[in-house]
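Participant: First the structure, which I've put down as structure tokens, then a few questions once you've had a look.
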Amino acid sequence: MTDNDQAILAAAEMSPRIARYSRTFDYLIVVIAAFLVWSVTHIHFLLFAGDWDFFIDWKDRQYWILITPIVSIMSAAAFQAIFWTLFRLPIGATASALLFLIGVWIVRYHAWEGMAYFPLSLVVPATGLVGAMALDFILVLSRSWVITAVFGGVIYGLSFFPTNWIYLAPYFQPAEHMGEMASVADIIGYVFPRSGTPEYIRIIERGTLRTFGDSANWVSAFFSAFVCMFAYSVFWLMGVVACTPKYIPVGYRFKELYGAKIDAGAL
Amino acid sequence: MKKATLLVWAATTLLFSLMDQAAFAHGERATEPYIRTRTVHWYDVTWSTDALNVNDTVTVQGKFHLLNDWPDSVSLPNLVFLSNGSPGAVMTRVESYINEIPARQSTKGLIVGRDYDFKLVMKARKVGQWHLHPVMNIHGAGAVVGPGEWITVSGNEADFKDPLTTLTGNKIDDLQTFGVSRVQMWQFGFGLIAAVWILWWLRRPLIISRWLVVKKGREDLLITPMDDKVAAALLVLLAIVVLVGYTRTTSEFPELVPLQSGSLSTPPLPKPPHAVEIKFKRAEYDVPGRSMRLSVEMTNTSDQPVSVGEFTTANLRFINKSLPAAVAAVSSKFPKELVPRNGLVIDHPEPLAPGESRLVNLDTTDAAWEVERLVSFLSNVDSRMGGLLFFYDGKGNRSMSEVYGPIVPVFKKTI
Ligand SMILES: [Cu+2]
């Protein structure tokens, strides 16, 4: 135990015995919180951005780069707000992204490859982990959610494309297939059929970014960064609201209605 | 923790096994009968083999006709995608064509009333028995599943490989695993930094103690100058890693392309020979007798006498067994369950002379109507049926006519 730890326990007026109980409680809460953060982040992402992260042939220059960071910064911001407001723990964003990434890999192995025979190359995920860590670092350094929203939000949105590009770029090499040019990602998507997913439902870039030529990726990344600032702010505030429970005062009649035994003397 | 893990595991397993079963049935009988009898009619479908080894290919090819009596509630085939029905990626797709044009992407502007041919080349990947269908996905309407054949795949799954050489000359050993270890290595590295950061905080007195300290306004204790240094150092480290990684990647792969999207178009096939004009009179479905009866007036507009050989709808082929040309048209390899045993019974089977008009009753009685779940058309808002009639002249030449009209459920024979 460091001097700082002891100072914290002293300020919290905890005796060594209470501190030990408190530590046991910490372990329990951390495990439960981990599952909570994981499942909430996972469900939130599946609902709002699922397909772009499921398949390699959905990771386009437009919607993937735009939507994935915007959706994933929401849960990062909300959990960051909760952990920071209540405990001054700057780990909410990192935990949200890391647990989500671990969960995604479990599902890719277990369900996508194990049960539906999809090869991992078709379903490799991207991650906002680097941006999420940046959010936590900036929050520590600035101790201000507004500064984190402005700088962290921008870094989160901007960093998503280059970080994931480091390992996803090989999938966008050109190849020839049936006399047409296609990216390797397109070919993987074609070769391993998804019976219920015809090609036309892919929501990917339809040539609207052509005027930006080779920089199309960065155009999306900058726009994403801009939106991320606002998405972060909204969800940070929602996280703060979640930390301040309010109870609606109700009268005796209402309590009776719900079966509470009201002591006659109290009336 | 164990319990929660088990619970999550059980829940996901259950969910995905349910999805798996849905994938196994792949909806061949689930689509409403008015769609299956009045949109895409598959014919001349063949499978090059019904037994193959891992890495061998099977070719499914044939033709389809788009019925003129296309239902109002189904989107027109303005955007379609030729696919295959099989559970998951047990077979990989090598090539697919509509009218010999690559159908890698969607095809637009198919014309109702016309015919197209298709070809699917599939490569065996997983060992087992798989029901292989051609499938036409119609934007806004869903999938119309063609006839299915059981394909037995044997051999060793571990032998499956799908190599590819890119246009820049890079050799990919196997598309199944390509790039995966690179993704995992980098994400593991980022994950490691994240884990270090989280543990950096979790090692301290946490929940209650920190909460109490926050309430007392002693934030200075909770975040130390050391924390600031670690955060700043990790931030710089990440920035360097990403910048260097990105720059090296762009120089490693200078020629990259975006995902390819778009659609292609093809003119329909020339109209197939059409020898007989059909005037629809009445159709009824005899509920207790499991029999569909059609009353039509046929006029032979060709210069050869012709006979009715086959009535096909929803992948069922009712064959006129008294006509050798029609019997010969059914390959011995065609799935038996799609060729009802009673066939097509005609009350006036003698050939129709050139120019002759005749009122004919066609009878198709078989349990297949119920097995294939085609009788729920009795509960449809649009109670009509459709199909194709094939005629043969004395030389064995085949011609094709559409037949469609309202269908009436009956409990007593009237025609
Ligand atoms: Cu089937």
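Following the order of the structure tokens, chains are lettered A, B, ..., residues in each are numbered from 1, and ligands are numbered from 1.
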What does the list of residues within 12 Å of ligand 1 look like if you count only C-alpha atoms and all ligand atoms, written as a VMD selection string?
Facilitator: (chain A and resid 195) or (chain B and resid 22 to 30 84 to 87 129 to 135 144 to 151 315 335 337 to 338 372)
Participant: Store the residues picked out above in a file with C-alpha atoms, as a tab-separated table (two decimals), in the first residue's frame.
Facilitator:
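What follows is the written file again_25.tsv:
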chain	number	residue	atom	x	y	z
A	195	SER	CA	-27.51	-16.41	-47.41
B	22	ALA	CA	-33.41	-20.91	-39.02
B	23	ALA	CA	-30.41	-20.97	-41.32
B	24	PHE	CA	-30.79	-24.69	-41.86
B	25	ALA	CA	-34.39	-24.41	-43.02
B	26	HIS	CA	-33.32	-21.38	-45.08
B	27	GLY	CA	-36.89	-20.40	-45.72
B	28	GLU	CA	-37.52	-22.49	-48.81
B	29	ARG	CA	-41.11	-23.18	-47.75
B	30	ALA	CA	-41.64	-20.12	-45.59
B	84	ASN	CA	-27.36	-19.54	-52.94
B	85	GLY	CA	-29.25	-21.12	-50.11
B	86	SER	CA	-27.12	-23.23	-47.81
B	87	PRO	CA	-26.57	-23.02	-44.05
B	129	GLN	CA	-24.89	-32.99	-46.42
B	130	TRP	CA	-25.99	-29.61	-47.61
B	131	HIS	CA	-29.16	-28.59	-49.42
B	132	LEU	CA	-28.00	-26.35	-52.23
B	133	HIS	CA	-30.49	-23.99	-53.89
B	134	PRO	CA	-30.13	-21.09	-56.23
B	135	VAL	CA	-31.76	-18.06	-54.61
B	144	VAL	CA	-37.25	-16.48	-53.84
B	145	VAL	CA	-35.63	-19.85	-53.33
B	146	GLY	CA	-35.12	-22.16	-56.29
B	147	PRO	CA	-35.13	-25.96	-56.26
B	148	GLY	CA	-32.73	-27.59	-53.81
B	149	GLU	CA	-30.54	-30.64	-54.19
B	150	TRP	CA	-28.74	-32.49	-51.39
B	151	ILE	CA	-25.01	-32.28	-51.91
B	315	ASN	CA	-40.34	-25.45	-58.06
B	335	PRO	CA	-34.69	-33.99	-56.84
B	337	GLU	CA	-39.50	-34.63	-54.00
B	338	LEU	CA	-40.03	-31.82	-56.50
B	372	GLU	CA	-44.50	-27.51	-49.75
Participant: For chain A, which residues have at least one atom within 7 Å of chain B, if we go by only C-alpha atoms? Write them as a ChimeraX atom specification, please.
Facilitator: /A:4-5,8-9,11-12,22-23,26,31,57,60-61,86-88,91,94,98,111,116-121,124,130,133-134,137,140-141,162-163,165-168,170,172-176,178,182-183,186,188,190-195,198-200,206
Participant: Counting only C-alpha atoms, which of A:Phe223, A:Phe254, A:Trp145, A:Phe100 gets nearest to Leu46 of chain A?
Facilitator: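 That would be A:Phe100, the residue with the smallest distance to Leu46 of chain A.
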Participant: So, counting only C-alpha atoms, which residue among A:Ile43, A:Ala169, A:Ile82, A:Ala77 is closest to Asp136 of chain A?
Facilitator: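 The answer is A:Ala77, which sits nearest to Asp136 of chain A.
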Participant: So which bits of segment 68-231 of chain A end up helix (DSSP H, G or I) when you DSSP the backbone, as a PyMOL selection string?
Facilitator: chain A and resi 68-87+92-113+120-122+129-142+145-172+184-191+199-201+210-231
Participant: Quick one: distance from atom CA of Lys246 of chain A to atom CA of Trp84 of chain A in Å, one decimal?
Facilitator: 19.3 Å
